[in-house]
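Here the structure is laid out as structure tokens; the discussion comes afterwards.
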Amino acid sequence: MKHYPLSPSPDLVLPHRQPLPVVIDWTHWQQRRASVLATTPDVPPYLVLPEVHRILAAVLDQQLHALINVLWQTGARISEALAIKSDDLELNSVRDSRVLLANSKRKPGRPAKRGRHDPKRWVPLIDPAIIDELRRYLVTTKARAGEPIFTLNRQQVDYQLKKIHAQLPLPIDGLSAHTFRHSYAVNCLFQGRDIRTIQAWLGHADLESTLVYLKVLSGETHHLAYGMQF
């Protein structure tokens with residue numbers, strides 16, 4: 001893992017210390033989810049930002065909290081997240097922190113059905129809170145080079161998420177590690193990121209796998225226009 005001093009440049013640091021303007025009505029989207037899932041059954045169950053924050057606030061175990069935060073802020077598959085090593089993390093400033101994920105759906109050397117698809121992908125980390133959390137986590141756990149930073153296995157994660165779901169009222173039938181992947185994709189759409197970029201972040205070889213999330217918008221795109229000037 002490479003470490004570089006934080007840049008003192010105001011345009012790198014100060015914007016992230018200021019509260020971001022609220023341009024998304026999360027209550028509206030929570031109310032709409034039931035109808036979205038009812039009318040478009042191929043849309044996977046997802047959570048929106050305030051709900052994921054509630055889950056994180058309820059998790060006291062340091063390792064589980066860091067893992068859920070990685071799933072939520074990168075859209076990683078659980079197998080990809082559990083395979084992260086310290087060398088896969090670049091935790092620098094908010095402009096150049098990222099994580100290298102291995103596309104677990106692809107075997108190295110095997111071409112994708114539609115053209116070339118890299119077996120690994122970089123996903124940016126832009127939240128100062130997760131950058132700080134991962135720095136502290138690596139120091140506390142003394143993760144060894146070449147070894148995964150998380151010691152949990154898939155079954156243990158599933159068990160912990162079931163316990164969380166039993167404690168928190170959530171608007172979905174089941175909470176799994178994949179729920180955070182779906183939630184990441186929907187969160188990217190709500191905040192105006194283009195579908196090709198989301199495809200790259202998710203590691204989808206086929207764009208069709210990413211396009212399903214567009215149905216969450218169901219023709220309503222007013223949130224994308226908020227803040228525009230004419």
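Residues in the structure tokens are named by chain (A, B, ... in the order shown) and by number from 1 within that chain; ligands are numbered from 1 in the order shown.
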Tell me, as a ChimeraX atom specification, which residues lie within 10 Å of range 37-39 of chain A, counting only C-alpha atoms; anything in the same chain fewer than 6 positions away does not count. /A:45-46,172,215-216,218
Residues of range 175-230 of chain A at most 8 Å from range 59-73 of chain A: nearest atom pair and distance in Å, only C-alpha atoms, as JSON lines:
{"residue": "A:Ala177", "atom": "CA", "partner": "A:Leu71", "partner_atom": "CA", "distance": 7.3}
{"residue": "A:Phe180", "atom": "CA", "partner": "A:Trp72", "partner_atom": "CA", "distance": 4.9}
{"residue": "A:Arg181", "atom": "CA", "partner": "A:Leu71", "partner_atom": "CA", "distance": 6.3}
{"residue": "A:Ser183", "atom": "CA", "partner": "A:Trp72", "partner_atom": "CA", "distance": 7.1}
{"residue": "A:Tyr184", "atom": "CA", "partner": "A:Trp72", "partner_atom": "CA", "distance": 5.6}
Generate a file of the selected residues that holds N, CA and C atoms, formatted as a compact mmCIF listing (two decimals), in the first residue's frame.
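Result file result-v6.txt:
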# COMPACT_ATOMS: atom_id res chain seq x y z
N ALA A 177 -24.67 -9.44 1.21
CA ALA A 177 -23.55 -8.63 0.75
C ALA A 177 -23.84 -8.04 -0.63
N PHE A 180 -25.52 -4.51 -1.12
CA PHE A 180 -24.73 -3.28 -1.15
C PHE A 180 -24.20 -3.00 -2.55
N ARG A 181 -23.97 -4.05 -3.32
CA ARG A 181 -23.55 -3.87 -4.72
C ARG A 181 -24.69 -3.22 -5.52
N SER A 183 -27.12 -1.50 -4.27
CA SER A 183 -27.34 -0.16 -3.71
C SER A 183 -26.31 0.83 -4.24
N TYR A 184 -25.08 0.37 -4.40
CA TYR A 184 -24.02 1.21 -4.97
C TYR A 184 -24.39 1.65 -6.38
Hey, which of A:Leu170, A:Ala102, A:Ile164, A:Leu214 ends up closest to His182 in chain A? Count only C-alpha atoms. A:Leu214
Go through range 2-230 of chain A and collect every residue that DSSP, computed from the backbone, puts in strand (DSSP E or B); the answer should be as a ChimeraX atom specification. /A:2,85,89-90,98-102,112,115,120-124,148
Take the residues that were just selected and, keeping N, CA and C atoms, output them as an mmCIF file, in the first residue's frame.
data_model
loop_
_atom_site.group_PDB
_atom_site.id
_atom_site.type_symbol
_atom_site.label_atom_id
_atom_site.label_comp_id
_atom_site.auth_asym_id
_atom_site.auth_seq_id
_atom_site.Cartn_x
_atom_site.Cartn_y
_atom_site.Cartn_z
ATOM 1 N N LYS A 2 0.645 2.129 -0.958
ATOM 2 C CA LYS A 2 1.436 3.335 -1.051
ATOM 3 C C LYS A 2 0.803 4.451 -0.239
ATOM 4 N N LYS A 85 -6.119 -7.075 -0.794
ATOM 5 C CA LYS A 85 -4.870 -7.071 -0.026
ATOM 6 C C LYS A 85 -4.429 -5.628 0.181
ATOM 7 N N LEU A 89 -4.714 -1.339 -2.210
ATOM 8 C CA LEU A 89 -5.269 -0.077 -1.736
ATOM 9 C C LEU A 89 -4.269 1.059 -1.914
ATOM 10 N N GLU A 90 -4.744 2.154 -2.466
ATOM 11 C CA GLU A 90 -3.977 3.390 -2.513
ATOM 12 C C GLU A 90 -4.786 4.422 -1.742
ATOM 13 N N ARG A 98 -7.903 4.838 -4.215
ATOM 14 C CA ARG A 98 -8.643 3.858 -5.005
ATOM 15 C C ARG A 98 -8.334 2.448 -4.509
ATOM 16 N N VAL A 99 -9.129 1.491 -5.004
ATOM 17 C CA VAL A 99 -8.935 0.091 -4.654
ATOM 18 C C VAL A 99 -8.946 -0.739 -5.933
ATOM 19 N N LEU A 100 -8.069 -1.704 -5.983
ATOM 20 C CA LEU A 100 -7.981 -2.603 -7.131
ATOM 21 C C LEU A 100 -8.767 -3.866 -6.824
ATOM 22 N N LEU A 101 -9.770 -4.136 -7.655
ATOM 23 C CA LEU A 101 -10.619 -5.303 -7.470
ATOM 24 C C LEU A 101 -10.401 -6.296 -8.600
ATOM 25 N N ALA A 102 -10.363 -7.582 -8.260
ATOM 26 C CA ALA A 102 -10.255 -8.633 -9.264
ATOM 27 C C ALA A 102 -11.655 -9.056 -9.659
ATOM 28 N N ALA A 112 -13.946 -11.942 -22.619
ATOM 29 C CA ALA A 112 -15.374 -11.761 -22.403
ATOM 30 C C ALA A 112 -16.130 -12.093 -23.680
ATOM 31 N N GLY A 115 -15.951 -8.779 -26.626
ATOM 32 C CA GLY A 115 -14.724 -7.997 -26.607
ATOM 33 C C GLY A 115 -13.901 -8.229 -25.356
ATOM 34 N N LYS A 120 -9.012 -7.156 -13.861
ATOM 35 C CA LYS A 120 -8.990 -6.322 -12.664
ATOM 36 C C LYS A 120 -9.472 -4.922 -13.017
ATOM 37 N N ARG A 121 -9.932 -4.202 -12.002
ATOM 38 C CA ARG A 121 -10.412 -2.849 -12.246
ATOM 39 C C ARG A 121 -10.115 -1.963 -11.041
ATOM 40 N N TRP A 122 -9.843 -0.711 -11.289
ATOM 41 C CA TRP A 122 -9.672 0.271 -10.226
ATOM 42 C C TRP A 122 -11.001 0.960 -9.979
ATOM 43 N N VAL A 123 -11.349 1.101 -8.707
ATOM 44 C CA VAL A 123 -12.561 1.828 -8.326
ATOM 45 C C VAL A 123 -12.140 2.956 -7.390
ATOM 46 N N PRO A 124 -12.545 4.197 -7.671
ATOM 47 C CA PRO A 124 -12.118 5.322 -6.830
ATOM 48 C C PRO A 124 -12.745 5.290 -5.448
ATOM 49 N N PRO A 148 -5.037 -11.268 2.357
ATOM 50 C CA PRO A 148 -6.266 -10.483 2.403
ATOM 51 C C PRO A 148 -6.372 -9.703 3.710
#
One residue among A:Asp194, A:Asp118, A:Glu208, A:Asp127 is nearest to Arg95 in chain A when using only C-alpha atoms, and that residue is A:Asp127
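Nearest residue to Asn103 in chain A among A:Ser79, A:Ser209, A:Thr179, A:Gln167 is A:Ser79, counting only C-alpha atoms.
Minimum atom-to-atom distances from A:Ile84, A:Ile195, A:Ile131, A:Ala200 to Arg144 in chain A were compared using only C-alpha atoms, and the lowest value belongs to A:Ile84.
For the pair CA of Asp87 in chain A and CA of Asp158 in chain A, the interatomic distance is 26.1 Å.
Among the candidate residues A:Leu189, A:Leu56, A:Ala83, A:Asp132, the one lying nearest to Ser97 in chain A is A:Asp132, with distances computed using only C-alpha atoms.
Atom pair CA of Pro119 in chain A / CA of Ala205 in chain A: separated by 9.9 Å.
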Do you have the CA of Tyr213 in chain A-CA of Val43 in chain A distance handy? 6.4 Å
List as a JSON list (two decimals) with N, CA, C and O atoms, in the first residue's frame the protein and nucleic acid residues near Trp26 in chain A, meaning an atom at most 12 Å away when only C-alpha atoms are counted, but skip any in the same chain fewer than 2 places from it.
[["chain", "number", "residue", "atom", "x", "y", "z"],
["A", 22, "VAL", "N", -27.87, 19.26, -0.35],
["A", 22, "VAL", "CA", -28.80, 18.15, -0.50],
["A", 22, "VAL", "C", -29.63, 18.37, -1.76],
["A", 22, "VAL", "O", -30.42, 19.31, -1.83],
["A", 23, "VAL", "N", -29.43, 17.55, -2.76],
["A", 23, "VAL", "CA", -30.17, 17.70, -4.01],
["A", 23, "VAL", "C", -31.03, 16.48, -4.32],
["A", 23, "VAL", "O", -31.72, 16.47, -5.31],
["A", 24, "ILE", "N", -30.95, 15.48, -3.49],
["A", 24, "ILE", "CA", -31.74, 14.26, -3.71],
["A", 24, "ILE", "C", -32.71, 14.09, -2.56],
["A", 24, "ILE", "O", -32.31, 14.10, -1.39],
["A", 28, "HIS", "N", -38.41, 10.58, -0.79],
["A", 28, "HIS", "CA", -39.19, 10.33, -2.01],
["A", 28, "HIS", "C", -38.81, 8.99, -2.63],
["A", 28, "HIS", "O", -39.67, 8.19, -3.00],
["A", 29, "TRP", "N", -37.50, 8.74, -2.75],
["A", 29, "TRP", "CA", -37.06, 7.50, -3.39],
["A", 29, "TRP", "C", -37.34, 6.28, -2.51],
["A", 29, "TRP", "O", -37.56, 5.18, -3.03],
["A", 30, "GLN", "N", -37.34, 6.44, -1.21],
["A", 30, "GLN", "CA", -37.72, 5.32, -0.34],
["A", 30, "GLN", "C", -39.19, 4.99, -0.53],
["A", 30, "GLN", "O", -39.59, 3.82, -0.55],
["A", 31, "GLN", "N", -40.01, 6.01, -0.67],
["A", 31, "GLN", "CA", -41.45, 5.79, -0.86],
["A", 31, "GLN", "C", -41.73, 5.17, -2.23],
["A", 31, "GLN", "O", -42.68, 4.40, -2.37],
["A", 32, "ARG", "N", -40.92, 5.48, -3.20],
["A", 32, "ARG", "CA", -41.15, 4.98, -4.55],
["A", 32, "ARG", "C", -40.66, 3.56, -4.75],
["A", 32, "ARG", "O", -41.07, 2.89, -5.69],
["A", 33, "ARG", "N", -39.77, 3.08, -3.89],
["A", 33, "ARG", "CA", -39.12, 1.78, -4.14],
["A", 33, "ARG", "C", -40.13, 0.64, -4.26],
["A", 33, "ARG", "O", -39.99, -0.22, -5.14],
["A", 47, "LEU", "N", -31.02, -0.67, -1.36],
["A", 47, "LEU", "CA", -31.22, 0.30, -0.29],
["A", 47, "LEU", "C", -30.72, 1.66, -0.77],
["A", 47, "LEU", "O", -29.85, 1.73, -1.64],
["A", 48, "VAL", "N", -31.24, 2.72, -0.20],
["A", 48, "VAL", "CA", -30.75, 4.05, -0.54],
["A", 48, "VAL", "C", -29.87, 4.57, 0.59],
["A", 48, "VAL", "O", -29.81, 3.99, 1.68],
["A", 49, "LEU", "N", -29.17, 5.64, 0.31],
["A", 49, "LEU", "CA", -28.11, 6.13, 1.17],
["A", 49, "LEU", "C", -28.44, 6.20, 2.66],
["A", 49, "LEU", "O", -27.69, 5.66, 3.49],
["A", 50, "PRO", "N", -29.55, 6.82, 3.08],
["A", 50, "PRO", "CA", -29.82, 6.89, 4.52],
["A", 50, "PRO", "C", -29.97, 5.53, 5.17],
["A", 50, "PRO", "O", -29.62, 5.35, 6.35],
["A", 51, "GLU", "N", -30.49, 4.56, 4.44],
["A", 51, "GLU", "CA", -30.69, 3.22, 4.99],
["A", 51, "GLU", "C", -29.36, 2.50, 5.19],
["A", 51, "GLU", "O", -29.16, 1.82, 6.19],
["A", 52, "VAL", "N", -28.45, 2.67, 4.24],
["A", 52, "VAL", "CA", -27.12, 2.06, 4.39],
["A", 52, "VAL", "C", -26.38, 2.71, 5.55],
["A", 52, "VAL", "O", -25.69, 2.04, 6.33],
["A", 187, "ASN", "N", -27.21, 4.14, -6.27],
["A", 187, "ASN", "CA", -26.72, 5.41, -5.73],
["A", 187, "ASN", "C", -25.95, 6.18, -6.80],
["A", 187, "ASN", "O", -26.07, 7.42, -6.89],
["A", 190, "PHE", "N", -28.58, 7.71, -9.13],
["A", 190, "PHE", "CA", -29.27, 8.84, -8.52],
["A", 190, "PHE", "C", -28.40, 10.10, -8.55],
["A", 190, "PHE", "O", -28.92, 11.22, -8.63],
["A", 191, "GLN", "N", -27.09, 9.91, -8.46],
["A", 191, "GLN", "CA", -26.20, 11.06, -8.41],
["A", 191, "GLN", "C", -25.59, 11.40, -9.77],
["A", 191, "GLN", "O", -24.59, 12.11, -9.86],
["A", 223, "HIS", "N", -34.26, 14.59, -10.58],
["A", 223, "HIS", "CA", -33.11, 14.78, -9.69],
["A", 223, "HIS", "C", -31.83, 15.05, -10.45],
["A", 223, "HIS", "O", -30.91, 15.66, -9.93]]
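All residues within range 109-167 of chain A that the backbone DSSP calculation assigns to alpha helix (DSSP H) are Pro128, Ala129, Ile130, Ile131, Asp132, Glu133, Leu134, Arg135, Arg136, Tyr137, Leu138, Val139, Thr140, Thr141, Arg154, Gln155, Gln156, Val157, Asp158, Tyr159, Gln160, Leu161, Lys162, Lys163, Ile164, His165, Ala166 and Gln167 of chain A.
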Residue with the minimum atom-to-atom distance to Val94 in chain A, picked from A:Ala76, A:Ala129, A:Ala185, A:Val139 with only C-alpha atoms counted, is A:Ala129
